[in-house]
$ cat upload_8.cif   # mmCIF, C-alpha atoms
data_start
#
loop_
_atom_site.label_atom_id
_atom_site.label_comp_id
_atom_site.auth_asym_id
_atom_site.auth_seq_id
_atom_site.Cartn_x
_atom_site.Cartn_y
_atom_site.Cartn_z
CA GLN A 1 156.76 55.17 116.49
CA ILE A 2 158.30 54.47 113.09
CA TYR A 3 157.90 51.10 111.35
CA ILE A 4 159.87 49.58 108.51
CA TYR A 5 158.29 47.04 106.20
CA MET A 6 160.40 44.73 104.07
CA ASP A 7 159.19 41.47 102.54
CA GLU A 8 160.62 38.48 100.68
CA ALA A 9 159.88 40.05 97.30
CA ALA A 10 161.89 43.13 98.24
CA LEU A 11 164.79 40.97 99.41
CA ASP A 12 164.74 38.89 96.22
CA ALA A 13 164.71 42.09 94.15
CA ALA A 14 167.72 43.48 96.00
CA LEU A 15 169.71 40.24 95.58
CA GLY A 16 168.54 39.85 91.99
CA ARG A 17 169.96 43.22 91.02
CA GLN A 18 173.42 42.00 92.05
CA ARG A 19 173.48 38.93 89.80
CA LEU A 20 176.53 38.42 87.61
CA GLY A 21 177.15 37.12 84.12
CA ARG A 22 175.45 37.81 80.86
CA HIS A 23 171.76 38.43 81.38
CA GLY A 24 172.27 37.94 85.12
CA CYS A 25 172.55 34.16 84.83
CA LEU A 26 174.96 33.74 87.77
CA PRO A 27 174.53 34.39 91.50
CA GLY A 28 175.80 37.74 92.70
CA LEU A 29 178.51 38.38 95.28
CA PRO A 30 175.99 38.77 98.14
CA THR A 31 175.07 35.14 97.43
CA LEU A 32 178.49 33.72 96.53
CA VAL A 33 180.43 35.22 99.45
CA PRO A 34 178.27 33.62 102.20
CA THR A 35 178.38 30.31 100.31
CA LEU A 36 182.19 30.35 100.20
CA LEU A 37 182.46 31.37 103.86
CA LEU A 38 180.08 28.60 104.90
CA MET A 39 181.63 25.92 102.68
CA PRO A 40 184.03 24.72 105.44
CA VAL A 41 181.20 24.56 107.97
CA TYR A 42 179.20 22.40 105.59
CA ALA A 43 182.03 20.29 104.17
CA LEU A 44 184.47 19.65 107.03
CA PRO A 45 182.06 17.32 108.89
CA ALA A 46 182.87 14.83 106.12
CA LEU A 47 186.15 14.20 107.96
CA LEU A 48 184.30 13.32 111.15
CA ILE A 49 181.69 11.17 109.43
CA LEU A 50 184.26 9.07 107.58
CA SER A 51 187.05 9.03 110.18
CA PRO A 52 186.09 5.58 111.62
CA VAL A 53 187.44 4.05 108.39
CA PHE A 54 190.92 5.03 109.59
CA VAL A 55 190.59 5.12 113.39
CA ASP A 56 188.45 2.10 114.31
CA ASP A 57 191.31 -0.39 114.13
CA GLY A 58 193.41 1.74 116.48
CA VAL A 59 190.48 2.23 118.86
CA ALA A 60 189.89 -1.52 118.93
CA GLU A 61 193.54 -2.27 119.67
CA GLU A 62 193.99 0.34 122.39
CA LEU A 63 190.59 0.57 124.08
CA LEU A 64 189.01 -2.82 123.41
CA GLY A 65 191.98 -5.18 123.64
CA GLY A 66 192.18 -6.11 119.99
CA ALA A 67 190.18 -6.34 116.78
CA THR A 68 187.92 -9.16 117.97
CA ALA A 69 184.40 -9.84 116.74
CA GLU A 70 183.03 -8.29 119.93
CA ALA A 71 185.17 -5.17 119.45
CA LYS A 72 183.95 -4.77 115.87
CA PHE A 73 180.36 -5.10 117.07
CA LYS A 74 180.89 -2.38 119.68
CA LEU A 75 182.44 -0.06 117.15
CA ALA A 76 179.58 -0.69 114.72
CA SER A 77 177.14 0.12 117.52
CA VAL A 78 178.91 3.42 118.14
CA SER A 79 178.59 4.30 114.46
CA SER A 80 174.88 3.48 114.62
CA ALA A 81 174.53 5.71 117.69
CA PHE A 82 176.25 8.53 115.79
CA PHE A 83 173.56 8.50 113.11
CA ALA A 84 170.77 7.77 115.58
CA VAL A 85 171.58 11.02 117.40
CA TRP A 86 172.06 12.88 114.12
CA GLY A 87 168.39 13.02 113.08
CA PRO A 88 166.69 14.18 116.30
CA ALA A 89 169.52 16.57 117.14
CA THR A 90 169.34 18.16 113.70
CA LEU A 91 165.64 18.81 114.18
CA ALA A 92 166.29 20.24 117.64
CA VAL A 93 169.10 22.50 116.44
CA SER A 94 166.99 23.70 113.50
CA ALA A 95 164.19 24.61 115.89
CA LEU A 96 166.71 26.34 118.15
CA SER A 97 168.03 28.36 115.20
CA ASP A 98 164.50 29.68 114.66
CA ARG A 99 164.72 31.23 118.12
CA VAL A 100 168.35 32.33 118.52
CA GLY A 101 169.35 32.81 114.87
CA ARG A 102 171.04 30.74 112.20
CA LYS A 103 174.55 31.99 112.85
CA PRO A 104 174.69 31.45 116.66
CA ALA A 105 173.25 27.94 116.27
CA MET A 106 175.72 27.09 113.52
CA LEU A 107 178.76 28.38 115.43
CA GLY A 108 177.62 26.57 118.57
CA CYS A 109 177.46 23.30 116.64
CA ALA A 110 180.89 23.95 115.11
CA ALA A 111 182.41 24.56 118.54
CA ALA A 112 180.70 21.46 119.96
CA SER A 113 181.92 19.41 116.99
CA SER A 114 185.54 20.42 117.56
CA ALA A 115 185.29 19.85 121.34
CA LEU A 116 183.67 16.42 120.99
CA SER A 117 186.19 15.39 118.36
CA PHE A 118 188.94 16.37 120.80
CA GLY A 119 187.11 14.30 123.43
CA CYS A 120 187.31 11.28 121.11
CA ALA A 121 191.04 11.83 120.64
CA ALA A 122 191.70 12.13 124.38
CA ALA A 123 189.26 9.42 125.53
CA PRO A 124 190.77 7.39 128.40
CA SER A 125 188.27 4.57 127.92
CA PHE A 126 185.96 3.16 125.29
CA ALA A 127 182.90 4.40 127.20
CA VAL A 128 184.11 8.00 126.96
CA TYR A 129 185.00 7.53 123.30
CA ALA A 130 181.57 6.05 122.55
CA ALA A 131 179.73 8.88 124.36
CA CYS A 132 181.70 11.60 122.55
CA ARG A 133 181.29 9.88 119.21
CA ALA A 134 177.53 9.48 119.65
CA CYS A 135 177.05 13.13 120.70
CA LEU A 136 179.22 14.17 117.79
CA GLY A 137 176.43 13.02 115.48
CA GLY A 138 174.18 15.79 116.78
CA ALA A 139 176.83 18.49 116.40
CA VAL A 140 177.76 17.37 112.89
CA GLY A 141 174.13 17.15 111.81
CA GLY A 142 173.43 20.63 113.17
CA MET A 143 176.48 22.10 111.43
CA GLY A 144 175.43 20.73 108.07
CA ALA A 145 171.77 21.66 108.33
CA ILE A 146 172.17 25.20 109.61
CA SER A 147 175.09 26.12 107.36
CA TYR A 148 173.03 24.91 104.37
CA LEU A 149 170.06 26.99 105.50
CA LEU A 150 172.20 30.05 106.05
CA ALA A 151 173.89 29.74 102.64
CA THR A 152 170.70 29.19 100.65
CA GLU A 153 168.76 31.87 102.50
CA TRP A 154 171.19 34.38 101.02
CA SER A 155 170.15 33.28 97.53
CA VAL A 156 167.16 33.68 95.28
CA ARG A 157 165.19 30.56 94.46
CA ALA A 158 166.75 30.25 91.00
CA ASP A 159 170.18 29.72 92.59
CA ALA A 160 169.21 27.02 95.10
CA LEU A 161 170.19 24.08 92.86
CA LEU A 162 173.52 25.63 91.87
CA LEU A 163 174.45 26.42 95.48
CA THR A 164 173.41 22.96 96.67
CA THR A 165 175.64 21.43 93.97
CA ALA A 166 178.55 23.68 94.98
CA LEU A 167 178.20 22.72 98.65
CA MET A 168 178.05 19.01 97.82
CA CYS A 169 181.14 19.31 95.59
CA GLY A 170 182.95 20.90 98.52
CA TRP A 171 181.81 18.05 100.77
CA SER A 172 183.10 15.50 98.27
CA LEU A 173 186.49 17.19 97.93
CA VAL A 174 186.96 17.27 101.69
CA ALA A 175 185.91 13.62 101.97
CA ALA A 176 188.46 12.69 99.29
CA GLY A 177 191.13 14.50 101.30
CA LEU A 178 190.70 12.24 104.35
CA ALA A 179 192.83 9.42 102.92
CA PRO A 180 195.87 11.67 102.22
CA LEU A 181 195.41 13.25 105.66
CA ALA A 182 195.46 9.82 107.30
CA ALA A 183 198.49 8.80 105.23
CA ALA A 184 200.35 11.96 106.24
CA SER A 185 199.54 11.34 109.90
CA SER A 186 200.78 7.76 109.63
CA ALA A 187 203.97 8.86 107.85
CA ARG A 188 204.73 11.12 110.81
CA GLY A 189 204.34 8.17 113.13
CA GLY A 190 200.94 9.26 114.38
CA ASP A 191 198.24 6.92 115.61
CA TRP A 192 194.45 7.16 115.58
CA ARG A 193 194.50 9.74 118.38
CA ASP A 194 196.76 12.03 116.36
CA LEU A 195 194.47 11.79 113.35
CA GLN A 196 191.40 12.49 115.49
CA LEU A 197 193.14 15.47 117.10
CA THR A 198 194.16 16.82 113.70
CA ILE A 199 190.56 16.60 112.51
CA SER A 200 189.43 18.39 115.66
CA LEU A 201 191.84 21.26 115.00
CA ILE A 202 190.80 21.47 111.35
CA GLN A 203 187.22 22.02 112.54
CA LEU A 204 188.35 25.35 113.96
CA ALA A 205 188.54 26.59 110.37
CA ALA A 206 184.77 26.20 110.21
CA ILE A 207 184.40 28.51 113.20
CA ALA A 208 186.81 31.05 111.69
CA THR A 209 185.14 31.27 108.28
CA GLY A 210 181.57 30.78 109.51
CA GLY A 211 182.06 33.61 111.96
CA LEU A 212 182.60 35.99 109.03
CA ALA A 213 179.23 35.17 107.48
CA LEU A 214 176.32 37.53 108.07
CA GLU A 215 173.06 36.45 109.67
CA SER A 216 170.32 35.32 107.30
CA PRO A 217 168.12 38.24 106.21
CA ARG A 218 165.24 35.83 105.60
CA TYR A 219 165.46 34.65 109.19
CA LEU A 220 165.42 38.26 110.38
CA LEU A 221 162.37 38.98 108.24
CA ALA A 222 160.59 35.91 109.59
CA ARG A 223 161.26 37.19 113.12
CA ARG A 224 159.89 40.62 112.14
CA ARG A 225 163.24 42.29 112.62
CA GLU A 226 163.02 44.34 109.44
CA ALA A 227 165.43 47.07 110.56
CA ARG A 228 168.17 44.52 111.27
CA ALA A 229 167.46 42.77 107.95
CA GLN A 230 167.88 46.11 106.18
CA ALA A 231 171.19 46.78 107.91
CA VAL A 232 172.54 43.29 107.13
CA LEU A 233 171.46 43.56 103.50
CA SER A 234 173.08 46.97 103.17
CA VAL A 235 176.38 45.53 104.46
CA ALA A 236 176.17 42.57 102.06
CA LEU A 237 175.52 44.84 99.10
CA ASN A 238 178.39 47.10 100.19
CA ASP A 239 175.89 49.84 99.54
CA ARG A 240 175.64 53.49 100.43
CA CYS A 241 172.24 52.57 101.81
CA PRO A 242 169.67 54.07 99.43
CA THR A 243 169.91 51.24 96.86
CA ALA A 244 169.32 48.59 99.50
CA LEU A 245 166.73 50.49 101.44
CA SER A 246 164.74 51.73 98.48
CA CYS A 247 163.74 48.15 97.66
CA CYS A 248 161.34 48.26 100.62
CA SER A 249 157.65 48.31 99.99
CA GLU A 250 157.26 51.03 102.60
CA LEU A 251 159.87 53.04 104.44
CA GLU A 252 159.50 56.18 106.48
CA PRO A 253 161.76 58.85 104.92
CA ALA A 254 162.58 60.18 108.39
CA LEU A 255 164.31 56.88 109.20
CA LEU A 256 166.41 56.73 106.05
CA GLU A 257 169.13 59.09 107.19
CA THR A 258 169.32 57.35 110.57
CA LEU A 259 169.83 53.93 108.97
CA ALA A 260 172.34 55.35 106.50
CA THR A 261 174.61 56.18 109.44
CA ALA A 262 173.57 53.26 111.65
CA ALA A 263 174.19 50.52 109.08
CA PRO A 264 178.00 50.91 109.15
CA ALA A 265 177.95 50.64 112.93
CA ALA A 266 175.79 47.52 112.69
CA GLY A 267 177.91 45.73 110.14
CA GLY A 268 180.60 47.89 108.54
CA ALA A 269 178.74 49.33 105.57
CA ARG A 270 179.70 52.75 104.26
CA SER A 271 177.34 55.58 105.20
CA GLY A 272 175.91 57.86 102.56
CA GLU A 273 173.01 60.01 101.67
CA GLY A 274 169.48 58.79 102.40
CA GLY A 275 166.84 58.31 99.74
CA GLY A 276 163.06 58.13 99.86
CA GLY A 277 161.26 54.80 100.21
CA GLY A 278 159.24 53.41 97.36
#
$ encode --input "upload_8.cif" --output "structure tokens"
Amino acid sequence: QIYIYMDEAALDAALGRQRLGRHGCLPGLPTLVPTLLLMPVYALPALLILSPVFVDDGVAEELLGGATAEAKFKLASVSSAFFAVWGPATLAVSALSDRVGRKPAMLGCAAASSALSFGCAAAPSFAVYAACRACLGGAVGGMGAISYLLATEWSVRADALLLTTALMCGWSLVAAGLAPLAAASSARGGDWRDLQLTISLIQLAAIATGGLALESPRYLLARRREARAQAVLSVALNDRCPTALSCCSELEPALLETLATAAPAAGGARSGEGGGGG
């Protein structure tokens, strides 16, 4: 039986060698590409979080019989339920991602977010709207948490602050775009349901771009799936395999040629000649 050993130091060394800029002061493409792909997953929930600013009046008129004090209290309670579900659900989804992987958990939350947002748009009654809106808090919280984990786990520690800032800037830009989106929907004669449906459809972009991101190599290492971590890293580095694989602390030479041809099948990397492990 042949074993591969790869640790966090080896992963950091491989990513560090790809850094850009003078003196390697900027994150490399293996760090920047996942961040850009995951930006919609992290930032688009801003539309769902802030949408009550533009939809609550319509919900009150159509589902609660008018913007009365009681209707406003019910809508405020729904918003509270949204954030009440957010915290526990985020913890649960994070724990789930430790078992099934970052990417499946993230995509599951993105799909749930779009479906629940559609449920809000199509709600026949306030009870259905309230239930979908409350559950939406868990999906949105999971999307944000797991996409952040997945993005930063592709970075070295020195890049964590820069990537966090980039993700938050993306969040802010999307949040600022909600008002023009609502204005455009109103100009077309749309009501709160149209706006909610539009937001639901926009969430599909998160699934499309997030689906292109690779699984976290740090997660794979934590789960002792070193061979898969090697293959994923080789794809990210667009390597011929030896550069990525030679960063291992130990690697059986007999396995090198096998992985050099298996890595493209696992993730699309180009195959090449094998090299000896360090």
$ resolve_selection --input "upload_8.cif" --expression "the PyMOL selection byres ((chain A and resi 151-165) around 9)" --output "number ranges by chain"
A: 11-13, 15-16, 26-28, 30-32, 34-39, 146-150, 166-170, 216-219
$ closest_residue --input "upload_8.cif" --among "A:Ala213, A:Ala175, A:Val100, A:Leu220" --to "Leu50 in chain A" --atoms "all atoms listed in the file"
A:Ala175
$ atom_distance --input "upload_8.cif" --atom1 "CA of Ala43 in chain A" --atom2 "CA of Val174 in chain A"
6.3 Å
$ atom_distance --input "upload_8.cif" --atom1 "CA of Pro88 in chain A" --atom2 "CA of Leu136 in chain A"
12.6 Å
$ atom_distance --input "upload_8.cif" --atom1 "CA of Ala89 in chain A" --atom2 "CA of Gly141 in chain A"
7.1 Å
$ resolve_selection --input "upload_8.cif" --expression "the PyMOL selection byres ((chain A and resi 197-212) around 6)" --output "list of chain:residue names"
A:Leu37, A:Leu38, A:Pro40, A:Val41, A:Ser114, A:Ser117, A:Phe118, A:Ala121, A:Asp194, A:Leu195, A:Gln196, A:Ala213
$ decode --input "upload_8.cif" --residues "range 106-120 of chain A" --atoms "all heavy atoms" --output "mmCIF file, in the first residue's frame"
data_model
loop_
_atom_site.group_PDB
_atom_site.id
_atom_site.type_symbol
_atom_site.label_atom_id
_atom_site.label_comp_id
_atom_site.auth_asym_id
_atom_site.auth_seq_id
_atom_site.Cartn_x
_atom_site.Cartn_y
_atom_site.Cartn_z
ATOM 1 N N MET A 106 -21.849 24.532 0.222
ATOM 2 C CA MET A 106 -22.065 25.882 -0.305
ATOM 3 C C MET A 106 -23.101 25.872 -1.429
ATOM 4 O O MET A 106 -24.028 26.697 -1.447
ATOM 5 C CB MET A 106 -20.743 26.443 -0.825
ATOM 6 C CG MET A 106 -20.848 27.803 -1.488
ATOM 7 S SD MET A 106 -19.361 28.196 -2.408
ATOM 8 C CE MET A 106 -19.475 27.004 -3.760
ATOM 9 N N LEU A 107 -22.967 24.933 -2.366
ATOM 10 C CA LEU A 107 -23.906 24.873 -3.485
ATOM 11 C C LEU A 107 -25.305 24.487 -3.013
ATOM 12 O O LEU A 107 -26.306 24.964 -3.562
ATOM 13 C CB LEU A 107 -23.405 23.872 -4.530
ATOM 14 C CG LEU A 107 -22.138 24.273 -5.273
ATOM 15 C CD1 LEU A 107 -21.712 23.178 -6.241
ATOM 16 C CD2 LEU A 107 -22.330 25.587 -6.015
ATOM 17 N N GLY A 108 -25.390 23.639 -2.000
ATOM 18 C CA GLY A 108 -26.690 23.294 -1.438
ATOM 19 C C GLY A 108 -27.382 24.510 -0.846
ATOM 20 O O GLY A 108 -28.590 24.714 -1.035
ATOM 21 N N CYS A 109 -26.607 25.332 -0.124
ATOM 22 C CA CYS A 109 -27.178 26.562 0.447
ATOM 23 C C CYS A 109 -27.589 27.538 -0.647
ATOM 24 O O CYS A 109 -28.625 28.209 -0.535
ATOM 25 C CB CYS A 109 -26.160 27.221 1.379
ATOM 26 S SG CYS A 109 -25.931 26.377 2.948
ATOM 27 N N ALA A 110 -26.799 27.624 -1.711
ATOM 28 C CA ALA A 110 -27.145 28.532 -2.813
ATOM 29 C C ALA A 110 -28.443 28.095 -3.488
ATOM 30 O O ALA A 110 -29.300 28.931 -3.809
ATOM 31 C CB ALA A 110 -26.004 28.578 -3.825
ATOM 32 N N ALA A 111 -28.591 26.796 -3.698
ATOM 33 C CA ALA A 111 -29.822 26.294 -4.310
ATOM 34 C C ALA A 111 -31.019 26.525 -3.390
ATOM 35 O O ALA A 111 -32.102 26.926 -3.835
ATOM 36 C CB ALA A 111 -29.674 24.803 -4.629
ATOM 37 N N ALA A 112 -30.834 26.273 -2.096
ATOM 38 C CA ALA A 112 -31.914 26.497 -1.131
ATOM 39 C C ALA A 112 -32.277 27.975 -1.070
ATOM 40 O O ALA A 112 -33.464 28.333 -0.962
ATOM 41 C CB ALA A 112 -31.496 25.993 0.243
ATOM 42 N N SER A 113 -31.281 28.843 -1.147
ATOM 43 C CA SER A 113 -31.529 30.281 -1.099
ATOM 44 C C SER A 113 -32.387 30.723 -2.272
ATOM 45 O O SER A 113 -33.359 31.474 -2.113
ATOM 46 C CB SER A 113 -30.196 31.031 -1.105
ATOM 47 O OG SER A 113 -30.399 32.421 -1.178
ATOM 48 N N SER A 114 -32.049 30.248 -3.473
ATOM 49 C CA SER A 114 -32.829 30.616 -4.654
ATOM 50 C C SER A 114 -34.249 30.063 -4.563
ATOM 51 O O SER A 114 -35.228 30.762 -4.875
ATOM 52 C CB SER A 114 -32.128 30.088 -5.912
ATOM 53 O OG SER A 114 -32.843 30.442 -7.070
ATOM 54 N N ALA A 115 -34.384 28.801 -4.103
ATOM 55 C CA ALA A 115 -35.708 28.178 -4.017
ATOM 56 C C ALA A 115 -36.583 28.876 -2.984
ATOM 57 O O ALA A 115 -37.780 29.131 -3.223
ATOM 58 C CB ALA A 115 -35.560 26.699 -3.675
ATOM 59 N N LEU A 116 -36.011 29.206 -1.829
ATOM 60 C CA LEU A 116 -36.789 29.862 -0.780
ATOM 61 C C LEU A 116 -37.160 31.288 -1.174
ATOM 62 O O LEU A 116 -38.237 31.777 -0.832
ATOM 63 C CB LEU A 116 -36.011 29.857 0.535
ATOM 64 C CG LEU A 116 -35.883 28.489 1.207
ATOM 65 C CD1 LEU A 116 -34.850 28.531 2.326
ATOM 66 C CD2 LEU A 116 -37.247 28.036 1.752
ATOM 67 N N SER A 117 -36.264 31.953 -1.902
ATOM 68 C CA SER A 117 -36.584 33.292 -2.382
ATOM 69 C C SER A 117 -37.738 33.231 -3.385
ATOM 70 O O SER A 117 -38.627 34.092 -3.384
ATOM 71 C CB SER A 117 -35.345 33.915 -3.039
ATOM 72 O OG SER A 117 -35.616 35.230 -3.462
ATOM 73 N N PHE A 118 -37.733 32.197 -4.217
ATOM 74 C CA PHE A 118 -38.858 31.989 -5.134
ATOM 75 C C PHE A 118 -40.137 31.711 -4.348
ATOM 76 O O PHE A 118 -41.218 32.172 -4.709
ATOM 77 C CB PHE A 118 -38.562 30.825 -6.081
ATOM 78 C CG PHE A 118 -39.703 30.509 -7.015
ATOM 79 C CD1 PHE A 118 -39.898 31.244 -8.166
ATOM 80 C CD2 PHE A 118 -40.587 29.476 -6.729
ATOM 81 C CE1 PHE A 118 -40.952 30.965 -9.027
ATOM 82 C CE2 PHE A 118 -41.636 29.183 -7.574
ATOM 83 C CZ PHE A 118 -41.825 29.925 -8.728
ATOM 84 N N GLY A 119 -39.996 30.937 -3.243
ATOM 85 C CA GLY A 119 -41.152 30.673 -2.390
ATOM 86 C C GLY A 119 -41.741 31.952 -1.813
ATOM 87 O O GLY A 119 -42.969 32.091 -1.720
ATOM 88 N N CYS A 120 -40.870 32.896 -1.446
ATOM 89 C CA CYS A 120 -41.363 34.188 -0.954
ATOM 90 C C CYS A 120 -42.131 34.922 -2.053
ATOM 91 O O CYS A 120 -43.182 35.528 -1.795
ATOM 92 C CB CYS A 120 -40.193 35.054 -0.483
ATOM 93 S SG CYS A 120 -39.407 34.486 1.042
#
